[in-house]
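Dropping run-v7.cif in here (mmCIF, C-alpha atoms):
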```cif
data_structure
loop_
_atom_site.label_atom_id
_atom_site.label_comp_id
_atom_site.auth_asym_id
_atom_site.auth_seq_id
_atom_site.Cartn_x
_atom_site.Cartn_y
_atom_site.Cartn_z
CA MET A 830 54.98 31.43 38.92
CA ARG A 831 51.84 32.11 36.85
CA ARG A 832 51.39 30.50 33.47
CA PRO A 833 51.63 32.85 30.47
CA THR A 834 48.23 31.73 29.21
CA LEU A 835 46.57 32.73 32.48
CA ASP A 836 48.18 36.18 32.30
CA TYR A 837 46.85 36.53 28.75
CA LEU A 838 43.34 35.47 29.78
CA ARG A 839 43.25 37.92 32.69
CA THR A 840 44.28 40.84 30.49
CA GLU A 841 41.86 39.92 27.69
CA SER A 842 38.92 39.43 30.08
CA GLY A 843 39.51 42.82 31.66
CA SER A 844 39.82 44.65 28.36
CA GLY A 845 36.48 43.28 27.16
CA LEU A 846 34.63 45.78 29.37
CA VAL A 847 36.80 48.61 28.02
CA LEU A 848 35.93 47.56 24.46
CA ALA A 849 32.23 47.48 25.30
CA THR A 850 32.49 51.00 26.73
CA ALA A 851 34.32 52.19 23.61
CA ALA A 852 31.64 50.66 21.36
CA VAL A 853 28.85 52.36 23.31
CA ALA A 854 30.76 55.65 23.16
CA ALA A 855 31.26 55.33 19.38
CA LEU A 856 27.58 54.59 18.80
CA GLY A 857 26.62 57.48 21.06
CA LEU A 858 28.90 59.93 19.24
CA ALA A 859 27.69 58.79 15.81
CA ASN A 860 24.07 59.42 16.82
CA SER A 861 24.54 62.61 18.86
CA ARG A 862 24.40 66.29 18.03
CA ILE A 863 28.14 66.29 17.44
CA ALA A 864 28.00 63.40 14.95
CA ALA A 865 29.20 65.66 12.13
CA ASP A 866 32.19 66.80 14.20
CA TYR A 867 32.95 63.18 15.14
CA GLY A 868 32.93 62.15 11.47
CA ALA A 869 35.03 65.15 10.46
CA LEU A 870 37.63 64.32 13.12
CA LEU A 871 37.93 60.72 11.90
CA ALA A 872 38.27 61.93 8.30
CA LEU A 873 40.84 64.60 9.17
CA PRO A 874 43.84 64.17 6.81
CA VAL A 875 47.12 63.65 8.67
CA PRO A 876 50.34 63.91 6.61
CA VAL A 877 53.42 62.04 7.87
CA THR A 878 56.86 62.51 6.37
CA VAL A 879 59.99 60.86 7.74
CA GLY A 880 62.97 61.02 5.37
CA ALA A 881 62.02 59.38 2.10
CA PHE A 882 58.76 58.05 3.58
CA SER A 883 55.71 60.21 2.96
CA GLU A 884 52.06 59.28 3.42
CA THR A 885 48.80 61.12 4.05
CA MET A 886 45.81 59.32 5.54
CA SER A 887 42.79 60.18 7.63
CA LEU A 888 43.04 59.94 11.40
CA ALA A 889 40.97 56.74 11.35
CA GLY A 890 43.18 55.44 8.53
CA TRP A 891 46.33 55.94 10.61
CA VAL A 892 44.79 54.14 13.59
CA ARG A 893 44.05 51.21 11.31
CA ALA A 894 47.30 51.21 9.31
CA LEU A 895 49.78 52.08 12.06
CA LEU A 896 48.32 50.70 15.28
CA MET A 897 46.40 47.58 14.22
CA PRO A 898 49.56 45.86 12.88
CA VAL A 899 50.80 46.03 16.49
CA VAL A 900 47.73 44.00 17.48
CA PHE A 901 48.57 41.27 14.99
CA PHE A 902 52.23 41.43 15.96
CA VAL A 903 51.22 40.59 19.55
CA LEU A 904 48.74 37.92 18.43
CA GLY A 905 51.43 36.33 16.26
CA MET A 906 53.85 36.24 19.18
CA GLU A 907 51.15 34.80 21.46
CA LEU A 908 50.48 31.96 19.04
CA LYS A 909 54.20 31.30 18.52
CA PHE A 910 54.83 31.22 22.26
CA GLU A 911 51.89 28.91 22.97
CA LEU A 912 52.98 26.51 20.22
CA LEU A 913 56.62 26.39 21.35
CA ARG A 914 56.52 26.94 25.12
CA GLY A 915 52.93 27.32 26.31
CA GLU A 916 49.67 25.40 26.62
CA LEU A 917 49.73 24.15 23.02
CA SER A 918 53.32 22.90 23.06
CA ASN A 919 52.01 19.49 24.15
CA PRO A 920 50.75 17.65 21.01
CA ARG A 921 47.92 16.12 23.06
CA ARG A 922 46.57 19.57 23.88
CA LEU A 923 47.05 20.96 20.39
CA GLY A 924 44.64 18.68 18.52
CA LEU A 925 41.31 20.03 19.78
CA PRO A 926 42.15 23.76 19.44
CA ALA A 927 43.53 23.08 15.95
CA LEU A 928 40.30 21.36 14.86
CA ALA A 929 38.19 24.10 16.46
CA ALA A 930 40.18 26.83 14.72
CA LEU A 931 39.92 25.04 11.36
CA GLY A 932 36.16 24.66 11.72
CA GLY A 933 35.84 28.25 12.90
CA LEU A 934 37.60 29.43 9.75
CA ILE A 935 36.01 27.23 7.07
CA ALA A 936 32.34 27.12 8.15
CA PRO A 937 31.66 30.88 8.51
CA ILE A 938 33.41 31.59 5.22
CA GLY A 939 31.27 28.92 3.58
CA VAL A 940 28.06 30.33 5.09
CA PHE A 941 28.96 33.86 4.01
CA LEU A 942 29.78 32.87 0.43
CA ALA A 943 26.58 30.81 0.19
CA VAL A 944 24.48 33.83 1.20
CA ALA A 945 26.51 36.75 -0.14
CA HIS A 946 27.93 35.33 -3.37
CA ALA A 947 27.33 38.76 -4.91
CA ALA A 948 29.70 40.43 -2.42
CA PRO A 949 32.64 38.03 -2.00
CA SER A 950 35.14 40.72 -0.96
CA ARG A 951 33.93 40.55 2.68
CA TRP A 952 34.21 36.75 2.89
CA ALA A 953 36.54 36.61 5.92
CA VAL A 954 34.58 39.00 8.18
CA GLY A 955 32.56 36.24 9.85
CA ALA A 956 35.64 34.13 10.53
CA ALA A 957 36.87 36.49 13.28
CA THR A 958 36.59 36.01 17.04
CA ASP A 959 37.22 38.93 19.35
CA GLY A 960 39.21 37.34 22.17
CA ALA A 961 38.72 40.20 24.63
CA ALA A 962 34.95 40.51 24.16
CA ALA A 963 34.42 36.73 24.10
CA LEU A 964 36.43 36.19 27.29
CA ALA A 965 34.51 39.01 28.98
CA VAL A 966 31.29 37.11 28.19
CA LEU A 967 32.83 33.96 29.70
CA ALA A 968 33.99 35.84 32.81
CA ILE A 969 30.45 37.12 33.43
CA THR A 970 28.37 34.05 32.53
CA GLY A 971 30.75 31.16 33.20
CA PRO A 972 33.23 32.16 35.91
CA ARG A 973 33.77 28.53 36.98
CA LEU A 974 34.11 27.16 33.46
CA ALA A 975 36.94 24.66 32.90
CA HIS A 976 40.24 26.38 32.09
CA SER A 977 40.64 24.10 29.06
CA LEU A 978 37.58 25.71 27.43
CA ARG A 979 39.02 29.19 27.92
CA VAL A 980 42.23 28.04 26.25
CA LEU A 981 40.12 26.56 23.44
CA LEU A 982 38.33 29.87 22.88
CA ILE A 983 41.45 32.03 22.85
CA SER A 984 43.22 29.54 20.57
CA VAL A 985 40.36 29.84 18.07
CA ALA A 986 40.47 33.64 18.36
CA ILE A 987 44.21 33.96 17.76
CA ALA A 988 44.51 31.36 15.00
CA ASP A 989 41.40 32.40 13.04
CA ASN A 990 42.13 36.12 13.29
CA LEU A 991 45.67 35.66 11.99
CA ALA A 992 44.54 33.28 9.24
CA GLY A 993 41.70 35.58 8.21
CA VAL A 994 43.98 38.60 7.99
CA VAL A 995 46.65 36.78 5.99
CA LEU A 996 44.23 35.12 3.56
CA ASN A 997 42.16 38.27 3.04
CA ALA A 998 45.22 40.48 2.58
CA VAL A 999 46.82 38.16 0.03
CA MET A 1000 43.71 37.04 -1.91
CA GLY A 1001 41.93 40.40 -1.80
CA ALA A 1002 44.93 42.60 -2.55
CA GLY A 1003 44.81 45.08 -5.40
CA PRO A 1004 47.79 45.95 -7.59
CA VAL A 1005 50.96 44.89 -5.76
CA ARG A 1006 54.25 46.80 -6.05
CA TRP A 1007 56.85 44.07 -6.10
CA PRO A 1008 59.95 46.21 -5.40
CA GLU A 1009 58.36 47.22 -2.07
CA VAL A 1010 57.47 43.59 -1.37
CA ALA A 1011 61.13 42.70 -1.98
CA GLY A 1012 62.14 45.48 0.44
CA ALA A 1013 59.84 44.03 3.12
CA GLY A 1014 61.31 40.58 2.47
CA ALA A 1015 64.83 41.95 2.87
CA GLY A 1016 63.78 43.54 6.17
CA LEU A 1017 62.41 40.22 7.41
CA VAL A 1018 65.65 38.45 6.46
CA ALA A 1019 67.56 41.10 8.40
CA LEU A 1020 65.33 40.49 11.43
CA LEU A 1021 65.92 36.75 11.19
CA VAL A 1022 69.66 37.35 11.14
CA LEU A 1023 69.27 39.74 14.07
CA SER A 1024 67.43 37.05 16.02
CA ARG A 1025 70.64 34.98 15.97
CA TRP A 1026 72.56 37.81 17.66
CA ARG A 1027 71.69 37.26 21.30
CA ARG A 1028 73.17 40.54 22.58
CA ALA A 1029 71.76 42.74 19.83
CA PRO A 1030 70.59 46.18 21.10
CA LEU A 1031 66.83 46.12 21.63
CA LEU A 1032 66.36 49.29 19.53
CA PHE A 1033 67.40 47.31 16.44
CA TYR A 1034 64.14 45.34 16.64
CA PRO A 1035 61.61 48.24 16.49
CA ALA A 1036 63.74 49.83 13.77
CA GLY A 1037 63.47 46.62 11.73
CA PHE A 1038 59.75 46.32 12.43
CA LEU A 1039 59.12 49.88 11.24
CA MET A 1040 61.12 49.26 8.08
CA VAL A 1041 59.10 46.15 7.21
CA TRP A 1042 55.84 47.96 8.03
CA GLY A 1043 56.75 50.90 5.78
CA PHE A 1044 57.58 48.65 2.82
CA VAL A 1045 54.37 46.61 3.28
CA LEU A 1046 52.27 49.79 3.51
CA LYS A 1047 53.73 51.08 0.24
CA SER A 1048 53.49 47.67 -1.46
CA GLY A 1049 49.70 47.68 -1.72
CA LEU A 1050 49.31 44.80 0.75
CA ASP A 1051 47.57 45.36 4.07
CA PRO A 1052 50.06 46.54 6.74
CA ALA A 1053 48.61 44.00 9.19
CA LEU A 1054 50.72 41.45 7.30
CA ALA A 1055 53.82 43.24 8.57
CA GLY A 1056 52.77 42.57 12.15
CA VAL A 1057 52.15 38.87 11.51
CA ALA A 1058 55.42 38.41 9.58
CA CYS A 1059 57.55 40.29 12.13
CA ALA A 1060 56.14 38.16 14.96
CA ILE A 1061 57.60 35.06 13.34
CA THR A 1062 61.11 36.55 13.45
CA VAL A 1063 61.20 37.30 17.20
CA PRO A 1064 63.42 34.73 18.94
CA VAL A 1065 61.80 32.59 21.61
CA GLY A 1066 65.07 32.22 23.54
CA ALA A 1067 66.51 34.57 26.17
CA ARG A 1068 69.19 37.14 25.30
CA ARG A 1069 71.20 36.29 28.44
CA PRO A 1070 71.06 33.43 30.97
CA GLY A 1071 68.48 34.10 33.65
CA GLU A 1072 66.54 36.65 31.57
CA PRO A 1073 63.03 36.03 30.23
CA SER A 1074 62.48 35.02 26.63
CA LEU A 1075 62.77 37.98 24.24
CA LEU A 1076 59.47 36.88 22.67
CA LYS A 1077 57.78 36.91 26.06
CA TYR A 1078 59.38 40.26 26.93
CA PHE A 1079 57.90 41.93 23.83
CA MET A 1080 54.62 40.10 24.32
CA ASP A 1081 54.15 41.09 27.95
CA SER A 1082 55.29 44.67 27.33
CA LEU A 1083 52.91 45.33 24.43
CA HIS A 1084 49.86 43.28 25.38
CA PRO A 1085 48.40 45.70 27.99
CA TYR A 1086 48.75 48.62 25.55
CA VAL A 1087 47.01 46.59 22.85
CA ALA A 1088 44.21 45.43 25.16
CA PHE A 1089 43.49 48.71 26.94
CA ALA A 1090 44.52 51.40 24.44
CA ILE A 1091 44.91 50.32 20.79
CA LEU A 1092 41.82 48.11 20.47
CA PRO A 1093 39.48 50.57 22.26
CA LEU A 1094 40.87 53.39 20.10
CA PHE A 1095 40.20 51.36 16.97
CA ILE A 1096 36.64 50.63 18.14
CA LEU A 1097 36.10 54.36 18.71
CA THR A 1098 37.08 55.01 15.09
CA ALA A 1099 35.34 52.01 13.49
CA ALA A 1100 32.16 51.19 15.44
CA GLY A 1101 30.32 54.48 15.13
CA VAL A 1102 27.21 53.63 13.09
CA SER A 1103 24.57 56.30 12.61
CA SER A 1104 20.98 55.08 12.63
CA ARG A 1105 20.33 57.63 9.87
CA ALA A 1106 22.94 56.08 7.56
CA PHE A 1107 20.89 52.99 6.65
CA ARG A 1108 17.47 51.39 6.91
CA LEU A 1109 16.66 48.15 8.71
CA SER A 1110 15.82 46.62 5.34
CA ASP A 1111 19.47 47.17 4.32
CA LEU A 1112 20.47 44.44 6.80
CA GLY A 1113 18.82 41.95 4.44
CA ALA A 1114 21.30 42.75 1.67
CA PRO A 1115 23.67 39.88 0.78
CA ALA A 1116 26.79 41.12 2.60
CA PRO A 1117 25.21 42.19 5.95
CA LEU A 1118 22.96 39.12 6.07
CA GLY A 1119 25.91 36.87 5.22
CA VAL A 1120 28.01 38.40 8.00
CA MET A 1121 25.28 37.96 10.63
CA LEU A 1122 24.67 34.33 9.65
CA ALA A 1123 28.41 33.62 9.50
CA LEU A 1124 28.88 34.86 13.08
CA VAL A 1125 25.71 33.41 14.61
CA VAL A 1126 25.46 30.13 12.66
CA GLY A 1127 28.69 29.45 10.76
CA LYS A 1128 31.18 30.08 13.55
CA PRO A 1129 29.55 27.87 16.24
CA LEU A 1130 28.67 25.23 13.63
CA GLY A 1131 32.29 24.95 12.51
CA VAL A 1132 33.87 25.07 15.99
CA PHE A 1133 31.44 22.65 17.66
CA GLY A 1134 31.05 20.42 14.62
CA LEU A 1135 34.76 19.66 14.15
CA CYS A 1136 35.31 19.38 17.91
CA ALA A 1137 32.47 16.87 18.21
CA ALA A 1138 33.70 14.91 15.19
CA GLY A 1139 37.28 14.79 16.47
CA ILE A 1140 36.20 13.69 19.96
CA SER A 1141 33.73 11.09 18.63
CA LEU A 1142 36.38 9.61 16.33
CA LYS A 1143 38.86 9.65 19.26
CA LEU A 1144 41.26 11.81 17.29
CA VAL A 1145 41.39 14.29 20.19
CA ARG A 1146 40.44 14.27 23.84
CA LYS A 1147 37.38 15.94 25.29
CA PRO A 1148 38.37 18.85 27.58
CA THR A 1149 38.66 17.69 31.19
CA GLY A 1150 35.61 18.57 33.27
CA ALA A 1151 33.67 20.00 30.32
CA LYS A 1152 30.15 19.03 29.26
CA TRP A 1153 28.98 18.92 25.66
CA ILE A 1154 26.54 21.74 26.33
CA GLU A 1155 29.42 23.89 27.63
CA ILE A 1156 31.48 23.19 24.51
CA LEU A 1157 28.47 24.29 22.43
CA ALA A 1158 28.17 27.46 24.52
CA VAL A 1159 31.85 28.31 23.95
CA ALA A 1160 31.40 27.64 20.23
CA LEU A 1161 28.52 30.14 20.17
CA ILE A 1162 30.62 32.75 22.00
CA CYS A 1163 33.33 32.28 19.35
CA GLY A 1164 30.86 34.10 17.08
CA VAL A 1165 31.60 37.38 18.88
CA GLY A 1166 33.59 38.93 16.03
CA PHE A 1167 33.41 42.59 17.01
CA THR A 1168 36.84 44.32 16.82
CA VAL A 1169 38.58 42.04 14.33
CA SER A 1170 35.44 41.71 12.21
CA TYR A 1171 35.40 45.51 11.88
CA PHE A 1172 39.05 45.34 10.87
CA LEU A 1173 38.51 42.59 8.28
CA ALA A 1174 35.53 44.48 6.87
CA GLY A 1175 37.88 47.34 6.08
CA MET A 1176 40.40 45.14 4.28
CA GLY A 1177 38.32 44.68 1.16
CA PRO A 1178 37.92 47.29 -1.59
CA PRO A 1179 35.95 50.35 -0.42
CA ASP A 1180 32.21 50.18 -1.01
CA PRO A 1181 30.98 53.13 -3.08
CA LEU A 1182 27.66 53.19 -1.18
CA PRO A 1183 27.96 54.65 2.36
CA LYS A 1184 24.77 52.91 3.49
CA SER A 1185 26.33 49.53 2.59
CA VAL A 1186 29.29 50.26 4.87
CA ALA A 1187 26.97 51.33 7.70
CA ALA A 1188 24.77 48.24 7.26
CA LEU A 1189 27.82 45.98 7.32
CA ARG A 1190 29.06 47.55 10.55
CA ALA A 1191 25.61 47.21 12.08
CA ALA A 1192 25.48 43.57 11.00
CA ILE A 1193 28.81 42.88 12.73
CA PHE A 1194 27.53 44.47 15.93
CA ILE A 1195 24.19 42.64 15.84
CA GLY A 1196 25.72 39.26 14.96
CA SER A 1197 28.34 39.56 17.72
CA VAL A 1198 25.75 40.56 20.33
CA VAL A 1199 23.38 37.72 19.37
CA ALA A 1200 26.19 35.14 19.45
CA GLY A 1201 27.47 36.42 22.80
CA LEU A 1202 24.00 36.50 24.38
CA ALA A 1203 23.13 33.02 23.11
CA GLY A 1204 26.36 31.47 24.37
CA GLY A 1205 26.24 33.37 27.65
CA ALA A 1206 22.61 32.40 28.30
CA LEU A 1207 23.47 28.76 27.64
CA LEU A 1208 26.34 28.92 30.15
CA VAL A 1209 24.09 30.49 32.79
CA TRP A 1210 21.47 27.78 32.19
CA THR A 1211 24.03 24.97 32.49
CA ALA A 1212 25.43 26.51 35.69
CA ASP A 1213 21.92 26.66 37.19
CA ALA A 1214 21.24 23.07 36.12
CA ARG A 1215 24.54 21.96 37.65
CA ARG A 1216 23.68 23.67 40.96
CA ALA A 1217 20.22 22.09 40.93
CA ASP A 1218 21.74 18.62 40.36
CA LEU A 1219 24.20 19.19 43.20
CA ALA A 1220 21.42 20.34 45.53
CA ALA A 1221 19.32 17.26 44.64
CA LEU A 1222 22.31 14.97 45.30
CA GLU A 1223 22.92 16.56 48.70
CA GLU A 1224 19.24 16.18 49.57
CA THR A 1225 19.37 12.49 48.61
CA LEU A 1226 22.43 11.87 50.77
CA ARG A 1227 20.83 13.37 53.89
#
```
What's the structure tokens form of this structure?
Amino acid sequence: MRRPTLDYLRTESGSGLVLATAAVAALGLANSRIAADYGALLALPVPVTVGAFSETMSLAGWVRALLMPVVFFVLGMELKFELLRGELSNPRRLGLPALAALGGLIAPIGVFLAVAHAAPSRWAVGAATDGAAALAVLAITGPRLAHSLRVLLISVAIADNLAGVVLNAVMGAGPVRWPEVAGAGAGLVALLVLSRWRRAPLLFYPAGFLMVWGFVLKSGLDPALAGVACAITVPVGARRPGEPSLLKYFMDSLHPYVAFAILPLFILTAAGVSSRAFRLSDLGAPAPLGVMLALVVGKPLGVFGLCAAGISLKLVRKPTGAKWIEILAVALICGVGFTVSYFLAGMGPPDPLPKSVAALRAAIFIGSVVAGLAGGALLVWTADARRADLAALEETLR
């Protein structure tokens, strides 16, 4: 029987190439002859009315508000499963990923705020790690890398993405409608009660999730919070003896759709940056520069720094079979923010200047590419050095 973490890693690694294709397609469309049609399609207003619920958003807005909470619902379930039943359920294995995730959250935020103190609303953008894109880089440049380092990377991605979304949604929220917040809370309580009913019809769960999502959307908070909160309520136990965990059932059912459909669709709607929308000098503005430095410098500094400190102080164990240079390479690859960085960039208040939005998106793309190339190149170099050492040893033994 395969371990759940390995299944997750396989799916994420495969979807990284799909995301890259979607990003190239979005950039191509935004800079093609049909760029105006592409922009008009994304801005197309789509009204939705179901009973008392009524909302009108652009097509891109619906992708973000309706589909991205599913992403964070799956990420929340993944983290819950790993903590209770998976790779991180062993306290000895939890320490290093926890330190790495903490460093990967604090350091990039600190770097961003130090550079872009004039634009604090985007402070969490550099704290993201795109698990799919980062694992695709690992699959290409470090195919024989220790499994423990892959688990480390995906743990940082899940934990920091969830933490960034929650903190940004709560601290950066505008006016909050408390009756709707109370309605979402009541829905979560109902889901917790439902989780105690082992033979509850499965349709009750999506109905409850939709109710919580609707209340959160109308409350003024970011709907991604609904996905994170609902994930906590899903029971980790099986509904009947011999059946898989309900948490794992939802997780396995939704994860391929998230990896190969929802995330690429979001990239198609969010990554299209026109070269005519900004000048290269705009990348030196506080927010874009802060994002690039947070991804390229802050993220690896925080991940590697706290890992090194914890290992040196013997608070945690060094990953089996991993070299320091490989840990540094993985820390660099954690700076591939990409999808979730785009999402976090959209969580703050809208920027009145279109060129600022375009420059910020370009900065996310550039920072992610630089971090991925630097980490990948380091892994290739260490693999070549390892092969050279092995060849020299064999020559000596002859």
| task | Please evaluate the PyMOL selection byres ((chain A and resi 1157) around 9) against the structure above and give the resulting residues as a PyMOL selection string. | result | chain A and resi 1129-1130+1132-1133+1152-1156+1158-1162+1204+1207
| query | Pick from A:Ile983, A:Arg951, A:Ser1185, A:Glu1072: nearest to Val1102 of chain A, with all atoms listed in the file counted? | reply | A:Ser1185
| request: With the file shown as input, list the residues that the PyMOL selection byres ((chain A and resi 1073-1084) around 10) selects, as a ChimeraX atom specification. | output: /A:833,836-837,840-841,899-900,902-907,909-910,1024,1027,1031,1060-1072,1085-1091
| request: For the structure provided, state which residues fall under the PyMOL selection byres ((chain A and resi 853) around 12), and present them as a ChimeraX atom specification. | output: /A:846-852,854-861,1093,1096-1102,1194
| message | When you look at Ala957 of chain A with a cut-off of 9 Å (counting only C-alpha atoms), what residues show up, excluding the ones that are within fewer than 3 positions of it in the same chain? I need them as a ChimeraX atom specification. | response | /A:933-934,953-954,985-987,989-991,993,1124,1128,1163-1170,1173
| task | Have a look at atom CA of Pro1148 of chain A and atom CA of Pro937 of chain A and let me know their distance in Å, one decimal. | result |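 Value for the atom CA of Pro1148 of chain A-atom CA of Pro937 of chain A distance: 23.5 Å.
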